[in-house]
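Data file: model_16.txt. Format and content: compact mmCIF, C-alpha atoms.
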```txt
# COMPACT_ATOMS: atom_id res chain seq x y z
CA MET W 20 42.14 -14.39 -11.08
CA ASN W 21 44.26 -17.33 -12.12
CA ASP W 22 42.61 -19.68 -9.68
CA ARG W 23 39.30 -19.38 -11.51
CA PRO W 24 38.60 -21.71 -14.43
CA THR W 25 38.68 -20.01 -17.82
CA PRO W 26 35.18 -18.79 -18.60
CA LEU W 27 33.73 -20.12 -21.82
CA LEU W 28 32.95 -16.57 -22.75
CA ARG W 29 34.47 -13.34 -21.52
CA ALA W 30 33.79 -9.84 -22.75
CA GLU W 31 35.34 -6.63 -21.55
CA GLY W 32 34.25 -3.12 -22.36
CA LEU W 33 32.19 -4.06 -25.42
CA VAL W 34 30.82 -1.07 -27.28
CA LYS W 35 28.74 -1.06 -30.44
CA THR W 36 27.14 1.96 -32.06
CA HIS W 37 24.90 1.70 -35.09
CA HIS W 38 25.30 4.49 -37.59
CA GLY W 39 22.24 4.70 -39.73
CA GLU W 40 20.07 7.56 -40.76
CA GLY W 41 19.55 10.06 -37.99
CA ALA W 42 21.39 10.04 -34.70
CA PRO W 43 23.83 7.20 -33.98
CA ALA W 44 22.24 4.45 -31.86
CA HIS W 45 24.34 3.39 -28.89
CA ALA W 46 23.25 -0.24 -28.78
CA VAL W 47 25.94 -1.60 -26.46
CA ARG W 48 27.71 0.82 -24.16
CA GLY W 49 30.46 -0.85 -22.22
CA VAL W 50 29.56 -4.41 -21.32
CA ASP W 51 31.67 -6.74 -19.18
CA LEU W 52 30.46 -10.28 -19.06
CA ARG W 53 31.68 -13.72 -18.05
CA VAL W 54 29.81 -16.92 -18.67
CA ALA W 55 31.13 -20.13 -17.17
CA ARG W 56 30.92 -23.49 -18.83
CA GLY W 57 27.55 -25.11 -18.19
CA GLU W 58 25.80 -21.86 -17.25
CA PHE W 59 22.40 -20.91 -18.61
CA VAL W 60 22.18 -17.12 -18.77
CA ALA W 61 19.19 -15.12 -19.93
CA VAL W 62 19.47 -11.50 -21.03
CA THR W 63 16.19 -9.62 -20.73
CA GLY W 64 15.15 -6.04 -21.28
CA PRO W 65 12.85 -3.85 -23.33
CA SER W 66 13.05 -3.93 -27.10
CA GLY W 67 15.65 -1.53 -28.34
CA ALA W 68 17.81 -2.00 -25.23
CA GLY W 69 20.55 -3.51 -27.36
CA LYS W 70 20.31 -7.09 -26.17
CA SER W 71 20.16 -8.57 -29.67
CA THR W 72 23.19 -6.52 -30.67
CA LEU W 73 25.00 -7.94 -27.65
CA LEU W 74 24.15 -11.47 -28.77
CA HIS W 75 25.34 -10.68 -32.28
CA LEU W 76 28.66 -9.52 -30.85
CA LEU W 77 28.94 -12.76 -28.88
CA GLY W 78 28.27 -14.79 -32.02
CA GLY W 79 30.63 -12.81 -34.20
CA LEU W 80 27.75 -11.68 -36.42
CA GLN W 81 28.82 -8.11 -35.70
CA ARG W 82 32.14 -6.70 -34.52
CA PRO W 83 32.46 -4.41 -31.52
CA ASP W 84 33.71 -0.85 -31.99
CA GLU W 85 35.61 -1.15 -28.73
CA GLY W 86 36.38 -3.82 -26.20
CA SER W 87 37.58 -7.39 -26.33
CA TYR W 88 35.98 -10.76 -26.45
CA TRP W 89 37.49 -14.11 -25.50
CA LEU W 90 36.03 -17.48 -26.43
CA ASP W 91 37.30 -20.24 -24.21
CA GLY W 92 40.25 -18.08 -23.23
CA GLU W 93 41.15 -17.19 -26.80
CA ARG W 94 41.02 -13.56 -27.86
CA THR W 95 38.82 -13.11 -30.91
CA ASP W 96 39.76 -9.53 -31.84
CA GLY W 97 41.71 -10.52 -34.92
CA TYR W 98 39.23 -13.10 -36.23
CA SER W 99 38.36 -12.74 -39.91
CA GLU W 100 34.88 -13.19 -41.34
CA ALA W 101 35.88 -16.68 -42.50
CA ARG W 102 37.20 -17.57 -39.08
CA TRP W 103 33.93 -16.51 -37.46
CA ALA W 104 32.02 -18.66 -39.94
CA VAL W 105 34.06 -21.63 -38.79
CA GLU W 106 33.48 -20.76 -35.13
CA ARG W 107 29.74 -20.61 -35.74
CA ARG W 108 29.89 -24.05 -37.24
CA LYS W 109 31.96 -25.68 -34.54
CA ARG W 110 31.98 -23.76 -31.30
CA ILE W 111 28.86 -21.62 -31.40
CA GLY W 112 25.34 -22.70 -32.32
CA ILE W 113 22.74 -19.97 -32.88
CA VAL W 114 18.95 -20.00 -33.06
CA PHE W 115 16.98 -16.97 -34.16
CA GLN W 116 13.45 -15.68 -33.74
CA PHE W 117 12.48 -16.44 -37.32
CA PHE W 118 14.26 -19.80 -37.47
CA ASN W 119 16.28 -18.87 -40.61
CA LEU W 120 16.00 -22.36 -42.09
CA VAL W 121 16.92 -22.86 -45.74
CA SER W 122 13.46 -22.98 -47.25
CA ASN W 123 14.26 -25.13 -50.29
CA LEU W 124 16.08 -27.80 -48.29
CA SER W 125 14.33 -30.61 -46.44
CA VAL W 126 14.39 -30.79 -42.65
CA ALA W 127 17.05 -33.51 -42.81
CA ASP W 128 19.27 -31.49 -45.15
CA ASN W 129 18.91 -28.35 -43.05
CA VAL W 130 20.28 -30.23 -40.06
CA GLU W 131 22.93 -32.22 -41.91
CA LEU W 132 24.37 -29.33 -43.91
CA PRO W 133 26.35 -27.71 -41.08
CA ALA W 134 27.63 -31.14 -40.02
CA LEU W 135 28.89 -31.83 -43.55
CA LEU W 136 30.43 -28.36 -43.74
CA ALA W 137 32.20 -29.04 -40.45
CA GLY W 138 33.79 -32.12 -42.01
CA LEU W 139 31.63 -34.98 -40.79
CA SER W 140 31.14 -37.88 -43.19
CA PRO W 141 27.66 -38.16 -44.71
CA LYS W 142 27.11 -41.24 -42.58
CA GLN W 143 28.07 -39.48 -39.36
CA ALA W 144 26.01 -36.44 -40.30
CA ARG W 145 22.96 -38.63 -40.86
CA ALA W 146 23.46 -40.41 -37.55
CA GLU W 147 23.73 -37.12 -35.66
CA ARG W 148 20.70 -35.73 -37.45
CA GLU W 149 18.61 -38.82 -36.71
CA GLU W 150 19.48 -38.74 -33.06
CA LEU W 151 18.69 -35.04 -32.65
CA LEU W 152 15.44 -35.09 -34.59
CA ALA W 153 14.23 -38.06 -32.57
CA GLU W 154 15.20 -36.29 -29.39
CA LEU W 155 13.32 -33.18 -30.46
CA GLY W 156 10.20 -35.12 -31.34
CA LEU W 157 10.62 -34.63 -35.08
CA ALA W 158 11.13 -38.22 -36.20
CA GLY W 159 9.10 -38.73 -39.37
CA LYS W 160 9.47 -35.09 -40.46
CA GLU W 161 12.86 -35.57 -42.16
CA ARG W 162 11.50 -35.18 -45.67
CA SER W 163 9.22 -32.27 -44.90
CA MET W 164 10.11 -28.83 -46.16
CA PRO W 165 10.35 -26.07 -43.52
CA GLY W 166 7.28 -24.31 -44.93
CA GLU W 167 5.16 -27.36 -44.18
CA LEU W 168 5.95 -27.26 -40.47
CA SER W 169 4.42 -25.24 -37.64
CA GLY W 170 6.48 -22.45 -36.07
CA GLY W 171 7.25 -24.59 -33.06
CA GLU W 172 8.44 -27.44 -35.26
CA GLN W 173 10.59 -25.12 -37.35
CA GLN W 174 12.23 -23.78 -34.22
CA ARG W 175 12.99 -27.34 -33.12
CA VAL W 176 14.64 -27.99 -36.49
CA ALA W 177 16.65 -24.80 -36.02
CA LEU W 178 17.68 -26.05 -32.59
CA ALA W 179 18.78 -29.37 -34.08
CA ARG W 180 20.77 -27.52 -36.71
CA ALA W 181 22.42 -25.33 -34.08
CA LEU W 182 23.39 -28.32 -31.96
CA VAL W 183 24.37 -30.85 -34.61
CA ASN W 184 28.09 -30.13 -34.26
CA ARG W 185 27.84 -30.20 -30.46
CA PRO W 186 29.05 -26.62 -29.99
CA PRO W 187 30.11 -25.70 -26.44
CA LEU W 188 28.06 -22.49 -26.66
CA LEU W 189 24.44 -22.10 -27.73
CA LEU W 190 23.15 -18.58 -28.41
CA ALA W 191 19.41 -18.02 -28.71
CA ASP W 192 17.94 -14.73 -29.90
CA GLU W 193 14.23 -14.49 -28.95
CA PRO W 194 13.75 -18.17 -29.84
CA ALA W 195 10.08 -18.04 -28.82
CA GLY W 196 9.45 -14.57 -30.19
CA SER W 197 7.25 -15.77 -33.00
CA LEU W 198 5.71 -18.75 -31.22
CA ASP W 199 2.45 -19.14 -29.33
CA SER W 200 2.24 -20.04 -25.68
CA LYS W 201 2.50 -23.75 -26.35
CA GLY W 202 5.52 -23.30 -28.61
CA THR W 203 7.14 -21.11 -25.95
CA ARG W 204 6.72 -23.81 -23.33
CA GLU W 205 8.18 -26.35 -25.73
CA VAL W 206 11.29 -24.23 -26.40
CA MET W 207 11.65 -23.65 -22.67
CA ARG W 208 11.47 -27.35 -21.92
CA LEU W 209 14.06 -28.19 -24.58
CA LEU W 210 16.51 -25.49 -23.54
CA SER W 211 16.22 -26.70 -19.94
CA ARG W 212 16.80 -30.26 -21.02
CA PHE W 213 19.98 -29.45 -22.99
CA HIS W 214 21.17 -27.24 -20.17
CA GLY W 215 20.60 -30.13 -17.77
CA ARG W 216 23.12 -32.09 -19.79
CA GLY W 217 25.74 -29.40 -19.50
CA GLN W 218 25.04 -27.21 -22.53
CA THR W 219 26.12 -23.60 -21.99
CA ILE W 220 23.35 -21.27 -23.16
CA VAL W 221 23.04 -17.51 -23.57
CA LEU W 222 19.45 -16.58 -24.29
CA VAL W 223 18.12 -13.17 -25.24
CA THR W 224 14.42 -12.74 -24.58
CA HIS W 225 11.84 -10.22 -23.46
CA ASP W 226 9.72 -13.10 -22.16
CA ALA W 227 10.22 -13.53 -18.42
CA ARG W 228 8.69 -17.00 -18.52
CA LEU W 229 11.42 -18.12 -20.86
CA ALA W 230 14.08 -16.23 -18.90
CA SER W 231 13.06 -17.97 -15.70
CA ALA W 232 14.32 -21.26 -17.14
CA ALA W 233 17.85 -19.86 -16.84
CA ASP W 234 19.86 -19.91 -13.64
CA ARG W 235 21.14 -16.39 -14.10
CA VAL W 236 19.24 -13.40 -15.48
CA ILE W 237 20.89 -10.24 -16.75
CA SER W 238 18.67 -7.18 -17.08
CA PHE W 239 19.77 -5.08 -19.98
CA PHE W 240 18.80 -1.42 -20.23
CA ASP W 241 19.95 1.20 -22.61
CA GLY W 242 23.02 -0.74 -23.76
CA ARG W 243 24.18 -1.65 -20.27
CA ILE W 244 23.83 -4.38 -17.70
CA ALA W 245 21.49 -2.98 -15.06
CA ASP W 246 21.35 -6.09 -12.93
CA ASP W 247 22.88 -9.55 -12.95
CA ALA W 248 21.07 -12.01 -10.71
CA GLU W 249 21.43 -15.67 -9.91
CA LEU W 250 18.02 -17.29 -9.61
CA ASP W 251 18.12 -19.59 -6.66
CA GLY W 252 14.51 -20.63 -6.95
CA ALA W 253 14.16 -20.27 -3.20
CA PRO W 254 10.60 -20.96 -2.17
CA SER W 255 8.42 -17.91 -1.90
CA ARG W 256 7.76 -16.55 1.55
CA ARG W 257 4.07 -16.79 1.03
CA ALA W 258 1.97 -19.90 1.06
CA GLY W 259 1.10 -20.71 -2.50
CA THR W 260 3.36 -19.55 -5.25
CA SER W 261 1.97 -16.15 -5.97
CA GLY W 262 -0.70 -13.80 -4.79
CA VAL W 263 -2.68 -14.91 -7.78
CA LEU W 264 -3.05 -18.31 -6.21
CA GLU W 265 -4.11 -17.07 -2.83
CA LEU W 266 -6.99 -18.78 -1.17
CA ARG W 267 -9.38 -16.43 0.56
CA ASP W 268 -11.97 -17.36 3.09
CA MET I 4 -13.85 -20.64 0.22
CA ARG I 5 -17.62 -20.36 0.77
CA LEU I 6 -18.66 -20.36 -2.85
CA PRO I 7 -16.23 -23.01 -4.07
CA LEU I 8 -17.54 -25.35 -1.37
CA LEU I 9 -21.13 -24.63 -2.37
CA ALA I 10 -20.16 -25.30 -5.99
CA LEU I 11 -18.68 -28.67 -5.07
CA LEU I 12 -21.88 -29.56 -3.21
CA ALA I 13 -24.01 -28.69 -6.23
CA ARG I 14 -22.96 -32.04 -7.65
CA GLY I 15 -24.28 -34.01 -4.70
CA PRO I 16 -23.91 -34.49 -0.95
CA ALA I 17 -20.43 -34.90 0.51
CA HIS I 18 -18.59 -34.71 3.81
CA GLY I 19 -15.81 -32.28 4.69
CA TYR I 20 -12.86 -34.48 3.96
CA GLU I 21 -14.24 -35.46 0.56
CA LEU I 22 -14.55 -31.78 -0.33
CA LYS I 23 -10.92 -31.19 0.59
CA GLN I 24 -9.87 -34.06 -1.66
CA ASP I 25 -12.06 -32.81 -4.50
CA LEU I 26 -10.44 -29.38 -4.31
CA GLU I 27 -6.96 -30.86 -4.30
CA GLN I 28 -7.69 -33.05 -7.25
CA LEU I 29 -9.28 -30.26 -9.25
CA LEU I 30 -6.63 -27.63 -8.67
CA GLY I 31 -3.50 -29.73 -8.40
CA SER I 32 -0.31 -28.66 -6.73
CA ALA I 33 -0.71 -25.07 -7.94
CA TYR I 34 -3.18 -24.25 -5.21
CA PRO I 35 -2.27 -23.91 -1.56
CA GLN I 36 -3.36 -27.09 0.16
CA PRO I 37 -6.77 -26.38 1.68
CA ASN I 38 -6.69 -26.71 5.41
CA VAL I 39 -9.26 -29.25 6.54
CA GLY I 40 -10.03 -27.25 9.68
CA GLN I 41 -10.80 -24.21 7.58
CA ILE I 42 -13.15 -26.32 5.48
CA TYR I 43 -15.06 -27.55 8.54
CA VAL I 44 -15.36 -24.03 9.92
CA THR I 45 -16.66 -22.74 6.59
CA LEU I 46 -19.14 -25.59 6.33
CA GLY I 47 -20.40 -24.74 9.83
CA ARG I 48 -21.00 -21.14 8.79
CA LEU I 49 -22.71 -22.13 5.57
CA GLU I 50 -25.03 -24.39 7.55
CA LYS I 51 -25.83 -21.64 10.02
CA SER I 52 -26.81 -19.32 7.19
CA GLY I 53 -29.06 -21.98 5.70
CA LEU I 54 -27.16 -22.48 2.45
CA ILE I 55 -26.38 -26.12 3.22
CA GLU I 56 -27.75 -28.73 5.59
CA GLY I 57 -25.78 -31.41 7.38
CA GLU I 58 -26.85 -34.85 8.41
CA GLU I 59 -24.99 -36.95 10.97
CA VAL I 60 -24.08 -40.39 9.73
CA GLU I 61 -23.08 -43.02 12.24
CA GLN I 62 -19.89 -44.92 11.65
CA SER I 63 -19.19 -48.15 13.50
CA SER I 64 -15.54 -47.76 14.41
CA ARG I 65 -15.05 -44.00 14.04
CA PRO I 66 -16.77 -40.83 15.17
CA ASN I 67 -19.89 -39.78 13.30
CA LYS I 68 -19.38 -37.83 10.12
CA LYS I 69 -21.59 -35.14 8.75
CA ILE I 70 -22.79 -35.29 5.16
CA TYR I 71 -23.78 -31.94 3.72
CA HIS I 72 -26.15 -31.10 0.91
CA LEU I 73 -27.02 -27.87 -0.82
CA THR I 74 -30.33 -26.15 0.07
CA ASP I 75 -32.46 -24.17 -2.38
CA ALA I 76 -31.08 -20.98 -0.85
CA GLY I 77 -27.57 -22.31 -1.42
CA ARG I 78 -28.34 -23.02 -5.05
CA GLU I 79 -29.64 -19.45 -5.46
CA GLU I 80 -26.49 -18.07 -3.86
CA LEU I 81 -24.42 -20.07 -6.31
CA ARG I 82 -26.43 -18.84 -9.30
CA ALA I 83 -25.85 -15.27 -8.16
CA TRP I 84 -22.12 -16.01 -7.87
CA PHE I 85 -21.92 -17.23 -11.45
CA ALA I 86 -24.08 -14.37 -12.70
CA GLU I 87 -21.69 -11.63 -11.52
CA PRO I 88 -18.33 -10.87 -13.14
CA GLU I 89 -15.43 -10.40 -10.73
CA ASP I 90 -13.52 -7.18 -10.08
CA GLU I 91 -10.22 -7.01 -11.92
CA PRO I 92 -7.07 -7.44 -9.87
CA ARG I 93 -5.65 -4.13 -8.69
CA VAL I 94 -2.21 -2.65 -8.49
CA ARG I 95 -2.22 -2.20 -4.77
CA ASP I 96 1.04 -3.59 -3.62
CA GLU I 97 3.43 -2.26 -1.09
CA PHE I 98 6.20 -2.11 -3.64
CA PHE I 99 4.48 0.71 -5.47
CA MET I 100 4.38 2.79 -2.30
CA LYS I 101 8.09 2.15 -1.69
CA LEU I 102 8.89 3.25 -5.22
CA ALA I 103 6.76 6.36 -4.97
CA LEU I 104 8.11 7.44 -1.59
CA ALA I 105 11.77 6.43 -1.83
CA PRO I 106 13.17 9.69 -3.29
CA GLN I 107 11.89 11.95 -0.53
CA THR I 108 13.23 9.74 2.25
CA GLY I 109 16.79 9.61 0.98
CA LEU I 110 16.89 6.08 2.39
CA ALA I 111 16.48 4.00 -0.75
CA ASP I 112 17.31 4.20 -4.43
CA GLN I 113 14.48 3.61 -6.88
CA ILE I 114 16.54 1.64 -9.36
CA ALA I 115 17.91 -0.57 -6.59
CA LEU I 116 14.32 -1.17 -5.43
CA ILE I 117 13.29 -2.13 -8.94
CA ASN I 118 16.21 -4.52 -9.33
CA LYS I 119 15.48 -6.18 -6.01
CA GLN I 120 11.81 -6.54 -6.85
CA ARG I 121 12.65 -7.99 -10.26
CA ARG I 122 14.80 -10.68 -8.66
CA GLN I 123 11.91 -11.60 -6.41
CA TYR I 124 9.49 -11.87 -9.35
CA LEU I 125 11.96 -13.84 -11.45
CA ASN I 126 12.45 -16.33 -8.64
CA THR I 127 8.71 -16.71 -8.28
CA MET I 128 8.47 -17.18 -12.02
CA ARG I 129 11.07 -19.91 -11.80
CA ASN I 130 9.09 -21.62 -9.07
CA LEU I 131 5.95 -21.46 -11.17
CA SER I 132 7.83 -23.01 -14.10
CA LYS I 133 8.97 -25.82 -11.87
CA LEU I 134 5.46 -26.27 -10.55
CA ALA I 135 4.14 -26.48 -14.10
CA ALA I 136 6.77 -29.04 -15.03
CA ALA I 137 5.89 -31.17 -12.00
CA GLU I 138 2.12 -30.96 -12.43
CA ASN I 139 0.27 -33.78 -14.11
CA ARG I 140 0.05 -32.91 -17.80
CA ASP I 141 -3.58 -33.91 -18.01
CA ASN I 142 -4.74 -31.53 -15.31
CA ARG I 143 -5.73 -28.66 -17.57
CA ILE I 144 -7.32 -26.62 -14.81
CA ALA I 145 -4.12 -26.70 -12.74
CA HIS I 146 -2.04 -25.73 -15.76
CA LEU I 147 -4.34 -22.85 -16.61
CA LEU I 148 -4.06 -21.62 -13.06
CA ILE I 149 -0.26 -21.67 -13.18
CA GLU I 150 -0.26 -20.03 -16.59
CA GLY I 151 -2.53 -17.30 -15.26
CA ALA I 152 -0.12 -16.65 -12.41
CA MET I 153 2.79 -16.52 -14.86
CA LEU I 154 1.05 -14.07 -17.15
CA HIS I 155 0.25 -11.79 -14.21
CA LEU I 156 3.85 -11.93 -13.16
CA GLN I 157 4.96 -11.22 -16.71
CA ALA I 158 2.81 -8.10 -16.65
CA ASP I 159 4.37 -7.06 -13.32
CA LEU I 160 7.83 -7.53 -14.82
CA ASP I 161 6.89 -5.53 -17.91
CA TRP I 162 5.70 -2.78 -15.63
CA LEU I 163 8.97 -2.83 -13.67
CA GLU I 164 10.72 -2.42 -16.99
CA ARG I 165 8.62 0.64 -17.73
CA CYS I 166 9.43 2.07 -14.30
CA GLN I 167 13.11 1.54 -14.92
CA GLU I 168 12.96 3.20 -18.34
CA GLU I 169 11.19 6.21 -16.89
CA LEU I 170 13.16 6.60 -13.70
CA GLU I 171 16.68 5.82 -14.83
CA GLU I 172 18.74 9.01 -14.82
CA PRO I 173 19.70 10.10 -18.32
CA GLU I 174 23.36 11.01 -18.60
```
structure tokens encoding of this file:
Amino acid sequence: MNDRPTPLLRAEGLVKTHHGEGAPAHAVRGVDLRVARGEFVAVTGPSGAGKSTLLHLLGGLQRPDEGSYWLDGERTDGYSEARWAVERRKRIGIVFQFFNLVSNLSVADNVELPALLAGLSPKQARAEREELLAELGLAGKERSMPGELSGGEQQRVALARALVNRPPLLLADEPAGSLDSKGTREVMRLLSRFHGRGQTIVLVTHDARLASAADRVISFFDGRIADDAELDGAPSRRAGTSGVLELRD
Amino acid sequence: MRLPLLALLARGPAHGYELKQDLEQLLGSAYPQPNVGQIYVTLGRLEKSGLIEGEEVEQSSRPNKKIYHLTDAGREELRAWFAEPEDEPRVRDEFFMKLALAPQTGLADQIALINKQRRQYLNTMRNLSKLAAAENRDNRIAHLLIEGAMLHLQADLDWLERCQEELEEPE
């Protein structure tokens, strides 16, 4: 295995069980996963399959009960809470379904805060923020408060915040889950664009439209990987792109 | 094809090649390119059944072309078309029969069938996404068509998920 480049992310035998009221919930039941640098991987499956838990394990938001996890070849088993916080600032960007913006900070401050915390000068942080907001079509919204923006706009701010420190890994947990069709397309377009520039992305979604933007789709069922498929985008055998578009005479 | 051609002629007379171009422009890249031969054949049948009438127009340097217009009967046919709702699409595909019959043959595994089918749908979904990205943004009809195809496919994928949940062996 030494001839293969170090995967950006490697997990082996991950297990996570939630102990709440009632029977224990086996959210993740033995997951092995490798994601190479520059890959865009989508994890899909029914709600309750454990895919969000898996993403939380990959982002250090939860710790596995069993198994090991390497980030860029480095074993994370011994990482403290504080260490994970640093990783999430520098090496891992995360976007969530409900954006999780700081509601009493302006758009600009929401994006600059993680840059400042990561040690950028205020000037650098502002420059990065300006570039990202312009790129995401949010120029002119710097002074707005999150509550004044549409869902789609808030998710774009969250994306800017996640990417401001140029993390090698972007994790997205149902990023279009609370958006309408137009917002979903927008998120899809942006993820594809960043991926096109080499951003590694792991996306959890139940939306197949969003998942189809990825070049690899993992089907997650009952805490396990049921299928792991590269999408080659080979043209369909039929004329037209789907039976829905069939022309009858 | 019959009714769409009648509908295009409701606007005014046109010849076969114009109708092909109109269809292409309206529906964008999402639709299979209409075959011009198929259009001429359909126009011939529509004329025979009295729904349209053709008139030969002489062209100096090329063969004559035929300009068609809608007849009153054609207009009635079209009204009837618009008046009736369409049947809903049906689950009638071959995959369902494979899934239903696999266990008794001992030749295929249901979960493997589902996984294979999902890959096929996901690839089609990816192609539709690409098609949408390539289509002219202003062509709303074409985008609605692609979105319709994607939503159908999403439903098919959701259904595969249900099949998998039901059929996966509990340990």
Using all atoms listed in the file, select each residue of chain I with any atom at most 9 Å away from an atom of chain W, and give the selection as an MDAnalysis selection string. chainID I and resid 4:5 33:37 41 45 92 114 118 122:123 125:134 136 148:149 151:157 160:161 164:165 167:168
Leaving out Leu22 of chain I and any residue of its chain fewer than 4 positions from it, which residues lie within 12 Å of it when counting all atoms listed in the file, given as an MDAnalysis selection string? chainID I and resid 4:5 7:18 26:29 37:43 45:46 69:72
Distance atom CA of Ser122 of chain W-atom CA of Val176 of chain W, one decimal place?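 Here the two named atoms are 11.9 Å from each other.
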Neighbours of Gly166 of chain W within 10 Å (only C-alpha atoms; same-chain residues fewer than 2 positions away dropped), as a PDB file with C-alpha atoms, in the frame of the given file?
```pdb
ATOM      1  CA  LEU W 120      16.000 -22.360 -42.090  1.00  0.00           C
ATOM      2  CA  VAL W 121      16.920 -22.860 -45.740  1.00  0.00           C
ATOM      3  CA  SER W 122      13.460 -22.980 -47.250  1.00  0.00           C
ATOM      4  CA  ASN W 123      14.260 -25.130 -50.290  1.00  0.00           C
ATOM      5  CA  SER W 125      14.330 -30.610 -46.440  1.00  0.00           C
ATOM      6  CA  VAL W 126      14.390 -30.790 -42.650  1.00  0.00           C
ATOM      7  CA  SER W 163       9.220 -32.270 -44.900  1.00  0.00           C
ATOM      8  CA  MET W 164      10.110 -28.830 -46.160  1.00  0.00           C
ATOM      9  CA  LEU W 168       5.950 -27.260 -40.470  1.00  0.00           C
ATOM     10  CA  SER W 169       4.420 -25.240 -37.640  1.00  0.00           C
ATOM     11  CA  GLY W 170       6.480 -22.450 -36.070  1.00  0.00           C
ATOM     12  CA  GLN W 173      10.590 -25.120 -37.350  1.00  0.00           C
TER      13      GLN W 173
END
```
So how many Å separate atom CA of Ser140 of chain W and atom CA of Val183 of chain W, to one decimal?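 Taking atom CA of Ser140 of chain W as the start and atom CA of Val183 of chain W as the end point, the length is 13.0 Å.
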Would you please work out which residue, of I:Asp75, I:Gly19, I:Ala86, I:Gly31, is nearest to Gly57 of chain I when using only C-alpha atoms?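 Of all the options, I:Gly19 lies closest to Gly57 of chain I.
Once Ala134 of chain W and its same-chain neighbours fewer than 5 positions away are set aside, Val105, Arg107, Arg108, Lys109, Gly112, Ala127, Asp128, Asn129, Leu139, Ser140, Pro141, Lys142, Gln143, Ala144, Arg145, Ala146, Glu147, Arg148, Ala179, Arg180, Ala181, Leu182, Val183, Asn184, Arg185 and Pro186 of chain W remain within 12 Å of it when counting all atoms listed in the file.
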What does the distance between atom CA of Thr36 of chain W and atom CA of Arg48 of chain W come to in Å, to one decimal place?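 Here the two named atoms are 8.0 Å from each other.
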So that I can see what lies close to Pro194 of chain W, please list as an mmCIF file with C-alpha atoms, in the coordinates of the input the residues with an atom at most 10 Å from it, counting only C-alpha atoms and leaving out residues fewer than 3 positions away in the same chain.
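Printed below is out22.cif as written:
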```
data_model
loop_
_atom_site.group_PDB
_atom_site.id
_atom_site.type_symbol
_atom_site.label_atom_id
_atom_site.label_comp_id
_atom_site.auth_asym_id
_atom_site.auth_seq_id
_atom_site.Cartn_x
_atom_site.Cartn_y
_atom_site.Cartn_z
ATOM 1 C CA ILE W 113 22.740 -19.970 -32.880
ATOM 2 C CA VAL W 114 18.950 -20.000 -33.060
ATOM 3 C CA PHE W 115 16.980 -16.970 -34.160
ATOM 4 C CA GLN W 116 13.450 -15.680 -33.740
ATOM 5 C CA PHE W 117 12.480 -16.440 -37.320
ATOM 6 C CA PHE W 118 14.260 -19.800 -37.470
ATOM 7 C CA GLY W 171 7.250 -24.590 -33.060
ATOM 8 C CA GLN W 174 12.230 -23.780 -34.220
ATOM 9 C CA ARG W 175 12.990 -27.340 -33.120
ATOM 10 C CA ALA W 177 16.650 -24.800 -36.020
ATOM 11 C CA LEU W 178 17.680 -26.050 -32.590
ATOM 12 C CA LEU W 190 23.150 -18.580 -28.410
ATOM 13 C CA ALA W 191 19.410 -18.020 -28.710
ATOM 14 C CA SER W 197 7.250 -15.770 -33.000
ATOM 15 C CA LEU W 198 5.710 -18.750 -31.220
ATOM 16 C CA GLY W 202 5.520 -23.300 -28.610
ATOM 17 C CA THR W 203 7.140 -21.110 -25.950
ATOM 18 C CA VAL W 206 11.290 -24.230 -26.400
ATOM 19 C CA MET W 207 11.650 -23.650 -22.670
ATOM 20 C CA LEU W 222 19.450 -16.580 -24.290
ATOM 21 C CA VAL W 223 18.120 -13.170 -25.240
ATOM 22 C CA THR W 224 14.420 -12.740 -24.580
ATOM 23 C CA LEU W 229 11.420 -18.120 -20.860
#
```
Just the residues within 7 Å of Arg56 of chain W, please, counting all atoms listed in the file, with nothing from its chain fewer than 2 positions along; format it as a ChimeraX atom specification. /W:26-27,54,58,219
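Shortest separation to Ala46 of chain W among W:Gly32, W:Gly159, W:Gly69, W:Pro133 occurs at residue W:Gly69, atoms counted being all atoms listed in the file.
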How about completing segment 66-72 of chain I with N, CA and C atoms and giving it to me as a tab-separated table (two decimals), keeping the file's coordinate frame?
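Output below, filename selection_27.tsv:
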```tsv
chain	number	residue	atom	x	y	z
I	66	PRO	N	-15.74	-41.80	14.80
I	66	PRO	CA	-16.77	-40.83	15.17
I	66	PRO	C	-17.74	-40.57	14.00
I	67	ASN	N	-18.90	-40.09	14.34
I	67	ASN	CA	-19.89	-39.78	13.30
I	67	ASN	C	-19.31	-38.78	12.31
I	68	LYS	N	-19.76	-38.88	11.07
I	68	LYS	CA	-19.38	-37.83	10.12
I	68	LYS	C	-20.63	-37.14	9.62
I	69	LYS	N	-20.45	-35.95	9.15
I	69	LYS	CA	-21.59	-35.14	8.75
I	69	LYS	C	-21.58	-35.00	7.23
I	70	ILE	N	-22.67	-35.42	6.61
I	70	ILE	CA	-22.79	-35.29	5.16
I	70	ILE	C	-23.64	-34.05	4.86
I	71	TYR	N	-23.08	-33.20	4.02
I	71	TYR	CA	-23.78	-31.94	3.72
I	71	TYR	C	-24.43	-31.99	2.35
I	72	HIS	N	-25.58	-31.31	2.25
I	72	HIS	CA	-26.15	-31.10	0.91
I	72	HIS	C	-26.58	-29.65	0.76
```
